[in-house]
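Enquirer: Just so it is clear, I am handing over work_8.pdb, which has PDB, C-alpha atoms.
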ATOM      1  CA  SER W 694       6.165  20.327   1.725
ATOM      2  CA  ASP W 695       8.562  17.513   2.445
ATOM      3  CA  LEU W 696       8.430  14.799  -0.232
ATOM      4  CA  GLN W 697       8.223  12.094   2.445
ATOM      5  CA  GLN W 698       4.999  13.647   3.792
ATOM      6  CA  LEU W 699       2.996  13.488   0.563
ATOM      7  CA  ILE W 700      -0.347  11.790   1.100
ATOM      8  CA  ASN W 701      -0.398  10.086  -2.289
ATOM      9  CA  LYS W 702       3.284   9.198  -2.592
ATOM     10  CA  GLY W 703       2.379   5.527  -3.080
ATOM     11  CA  HIS W 704       0.281   6.363  -6.125
ATOM     12  CA  LEU W 705       3.037   8.598  -7.477
ATOM     13  CA  ALA W 706       5.638   5.852  -7.031
ATOM     14  CA  GLU W 707       3.393   3.358  -8.830
ATOM     15  CA  LEU W 708       2.684   5.810 -11.672
ATOM     16  CA  PHE W 709       6.380   6.667 -12.038
ATOM     17  CA  SER W 710       7.353   2.985 -12.098
ATOM     18  CA  GLY W 711       4.694   2.143 -14.681
ATOM     19  CA  LEU W 712       5.796   4.980 -16.957
ATOM     20  CA  GLU W 713       9.449   3.938 -16.627
ATOM     21  CA  LEU W 714       8.522   0.361 -17.548
ATOM     22  CA  ILE W 715       6.575   1.523 -20.618
ATOM     23  CA  LYS W 716       9.328   3.946 -21.656
ATOM     24  CA  SER W 717      12.050   1.324 -21.448
ATOM     25  CA  ALA W 718      10.199  -1.441 -23.292
ATOM     26  CA  SER W 719      11.412  -2.503 -26.718
ATOM     27  CA  PRO W 720      10.652   0.126 -29.382
ATOM     28  CA  TYR W 721       9.663  -2.687 -31.738
ATOM     29  CA  SER W 722       6.749  -3.927 -29.672
ATOM     30  CA  TYR W 723       3.711  -2.510 -27.943
ATOM     31  CA  PRO W 724       4.529  -2.181 -24.228
ATOM     32  CA  GLU W 725       2.334  -4.455 -22.137
ATOM     33  CA  LEU W 726       1.846  -3.972 -18.414
ATOM     34  CA  TYR W 727      -0.418  -6.311 -16.520
ATOM     35  CA  TYR W 728      -1.468  -6.592 -12.906
ATOM     36  CA  TRP W 729      -2.777  -9.449 -10.777
ATOM     37  CA  HIS W 730      -5.687  -9.379  -8.350
ATOM     38  CA  ARG W 731      -7.177 -12.204  -6.319
ATOM     39  CA  GLU W 732     -10.328 -11.997  -4.236
ATOM     40  CA  GLU W 733     -11.034 -14.597  -1.604
ATOM     41  CA  LYS W 734     -13.177 -14.494   1.510
ATOM     42  CA  SER W 735     -10.249 -14.528   3.888
ATOM     43  CA  SER W 736      -7.701 -12.522   1.912
ATOM     44  CA  ASN W 737      -7.461 -10.309  -1.130
ATOM     45  CA  ALA W 738      -4.130 -10.007  -2.897
ATOM     46  CA  GLU W 739      -2.826  -7.667  -5.587
ATOM     47  CA  VAL W 740       0.461  -7.323  -7.449
ATOM     48  CA  ASP W 741       1.026  -3.886  -9.006
ATOM     49  CA  PHE W 742       2.614  -5.009 -12.286
ATOM     50  CA  VAL W 743       3.375  -8.267 -14.075
ATOM     51  CA  VAL W 744       5.846  -8.071 -16.965
ATOM     52  CA  GLN W 745       7.781 -10.405 -19.233
ATOM     53  CA  GLY W 746      11.418 -10.375 -18.099
ATOM     54  CA  LYS W 747      14.453 -12.175 -19.483
ATOM     55  CA  SER W 748      13.732 -15.246 -17.371
ATOM     56  CA  GLY W 749       9.948 -15.283 -17.842
ATOM     57  CA  VAL W 750       7.043 -13.759 -15.938
ATOM     58  CA  VAL W 751       8.128 -11.209 -13.314
ATOM     59  CA  PRO W 752       5.720  -9.831 -10.696
ATOM     60  CA  LEU W 753       6.499  -6.304  -9.446
ATOM     61  CA  GLU W 754       5.355  -4.664  -6.229
ATOM     62  CA  VAL W 755       5.921  -0.906  -5.859
ATOM     63  CA  LYS W 756       6.462   0.730  -2.452
ATOM     64  CA  ALA W 757       7.055   4.464  -2.014
ATOM     65  CA  GLY W 758       9.132   4.016   1.133
ATOM     66  CA  THR W 759      11.373   1.407   2.643
ATOM     67  CA  LYS W 760       8.725  -0.425   4.639
ATOM     68  CA  GLY W 761       5.771  -2.522   3.587
ATOM     69  CA  GLN W 762       4.665  -6.116   3.472
ATOM     70  CA  MET W 763       5.275  -8.267   0.421
ATOM     71  CA  GLN W 764       2.502 -10.738   1.256
ATOM     72  CA  SER W 765       0.708 -10.419  -2.104
ATOM     73  CA  LEU W 766       3.968 -10.834  -3.983
ATOM     74  CA  HIS W 767       4.769 -14.016  -2.041
ATOM     75  CA  ILE W 768       1.252 -15.382  -2.707
ATOM     76  CA  PHE W 769       1.707 -14.769  -6.451
ATOM     77  CA  LEU W 770       5.146 -16.418  -6.449
ATOM     78  CA  ASP W 771       3.821 -19.464  -4.581
ATOM     79  CA  GLU W 772       0.679 -19.864  -6.719
ATOM     80  CA  ARG W 773       2.632 -19.551  -9.983
ATOM     81  CA  ASN W 774       5.673 -21.492  -8.741
ATOM     82  CA  LEU W 775       8.027 -18.637  -9.688
ATOM     83  CA  SER W 776      11.532 -18.211  -8.336
ATOM     84  CA  LYS W 777      11.804 -14.394  -8.361
ATOM     85  CA  GLY W 778       9.733 -11.309  -7.725
ATOM     86  CA  VAL W 779      10.693  -7.638  -7.716
ATOM     87  CA  ARG W 780      10.127  -4.951  -5.120
ATOM     88  CA  ILE W 781      10.538  -1.434  -6.516
ATOM     89  CA  SER W 782      11.028   0.981  -3.627
ATOM     90  CA  ALA W 783      13.110   3.746  -2.048
ATOM     91  CA  GLU W 784      15.648   1.114  -0.990
ATOM     92  CA  ASN W 785      18.923   0.388  -2.756
ATOM     93  CA  PHE W 786      19.605  -2.723  -4.869
ATOM     94  CA  SER W 787      19.428  -5.909  -2.805
ATOM     95  CA  ARG W 788      18.127  -9.456  -2.770
ATOM     96  CA  TYR W 789      16.518 -11.444   0.003
ATOM     97  CA  ASP W 790      15.221 -14.944  -0.649
ATOM     98  CA  LYS W 791      12.974 -14.713  -3.751
ATOM     99  CA  ILE W 792      12.648 -10.912  -3.725
ATOM    100  CA  VAL W 793      14.963  -8.645  -5.727
ATOM    101  CA  THR W 794      14.775  -5.000  -4.618
ATOM    102  CA  ILE W 795      15.295  -2.276  -7.204
ATOM    103  CA  PRO W 796      15.327   1.468  -6.406
ATOM    104  CA  LEU W 797      12.558   3.606  -7.916
ATOM    105  CA  TYR W 798      15.025   5.436 -10.156
ATOM    106  CA  ALA W 799      15.994   2.110 -11.776
ATOM    107  CA  ALA W 800      12.498   0.624 -12.209
ATOM    108  CA  SER W 801      13.217  -0.214 -15.847
ATOM    109  CA  ARG W 802      15.824  -2.763 -14.696
ATOM    110  CA  ALA W 803      12.935  -5.079 -13.778
ATOM    111  CA  TYR W 804      12.980  -6.341 -17.377
ATOM    112  CA  ASP W 805      16.503  -7.681 -16.742
ATOM    113  CA  ILE W 806      15.318 -10.102 -14.045
TER     114      ILE W 806
END
Please go through the file and, once you have read it, give me the structure as structure tokens.

Expert:
Amino acid sequence: SDLQQLINKGHLAELFSGLELIKSASPYSYPELYYWHREEKSSNAEVDFVVQGKSGVVPLEVKAGTKGQMQSLHIFLDERNLSKGVRISAENFSRYDKIVTIPLYAASRAYDI
């Protein structure tokens, strides 16, 4: 079957990204991956991963394709007053406003942000 037609490609992309982040962490420390979840009556929000990057806390949102809203990522950035977030997706390297996009194959580069 065509890779783009997989039902659970989002879960696979998230799993792949998480494993890449763990694999590329410093060998002298225990790799720590966190996530963020907020429940409110009007809107729930979730960020897939939160890591410690070179410039501080970095929220990461994983998307299997090239489309998808970044609403939760923007909520996290606004609530924590952070200047950068990362979108890991099938897109190439880019930056728009506060969001840095990293391709899935380079997920480990999120630590460099």

Enquirer: I'd like the interatomic distance between atom CA of W:Val750 and atom CA of W:Ala706, to a tenth of an Å.

Expert: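 Atom CA of W:Ala706 lies 21.6 Å from atom CA of W:Val750.
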
Enquirer: Residues picked by the PyMOL selection byres ((chain W and resi 730) around 10) here, as a VMD selection string?

Expert: chain W and resid 728 to 729 731 to 732 737 to 741 765 769

Enquirer: For the structure provided, state which residues fall under the PyMOL selection byres ((chain W and resi 708) around 12), and present them as a list in words.

Expert: Asn701, Lys702, Gly703, His704, Leu705, Ala706, Glu707, Phe709, Ser710, Gly711, Leu712, Glu713, Leu714, Ile715, Leu726, Asp741, Phe742, Val755, Lys756, Ala757, Ile781, Leu797 and Ala800 of chain W

Enquirer: Would you list the residues near (4.3, -11.1, -16.0), meaning any protein, DNA or RNA residue with an atom at most 12 Å from that point in file coordinates, counting all atoms listed in the file, as a VMD selection string?

Expert: chain W and resid 725 to 729 740 to 754 769 to 770 773 775 777 to 779 803 to 804 806

Enquirer: Report, in Å to a single decimal, how far apart atom CA of W:Arg780 and atom CA of W:Pro724 are.

Expert: 20.1 Å

Enquirer: Around all the atoms of stretch 756-773 of chain W listed in the file, with 4 Å of room on each side, what axis-aligned box do you get, giving centre and edge lengths in Å to one decimal, as JSON?

Expert:
{"center_x": 6.0, "center_y": -7.7, "center_z": -2.7, "size_x": 18.7, "size_y": 32.3, "size_z": 22.6}

Enquirer: Calculate how many Å separate atom CA of W:Glu784 from atom CA of W:Glu772, rounding to one decimal.

Expert: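 Spanning atom CA of W:Glu784 to atom CA of W:Glu772 is a straight-line distance of 26.4 Å.
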
Enquirer: Taking all atoms listed in the file into account, which of W:Ser782, W:Lys734, W:Ile700, W:Tyr721 comes nearest W:Gln762?

Expert: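 Looking only at the distances to W:Gln762, the closest residue turns out to be W:Ser782.
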
Enquirer: Once the PyMOL selection byres ((chain W and resi 788-791) around 6) is applied to the coordinates I shared, what remains selected? I want it as a PyMOL selection string.

Expert: chain W and resi 776-777+787+792-794

Enquirer: Let me make sure I understand: among W:Ser736, W:Ser801, W:Ser717, W:Ser722, which one has the smallest atom-to-atom distance to W:Ile768 if we use all atoms listed in the file?

Expert: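 Using all atoms listed in the file, the shortest distance to W:Ile768 belongs to W:Ser736.
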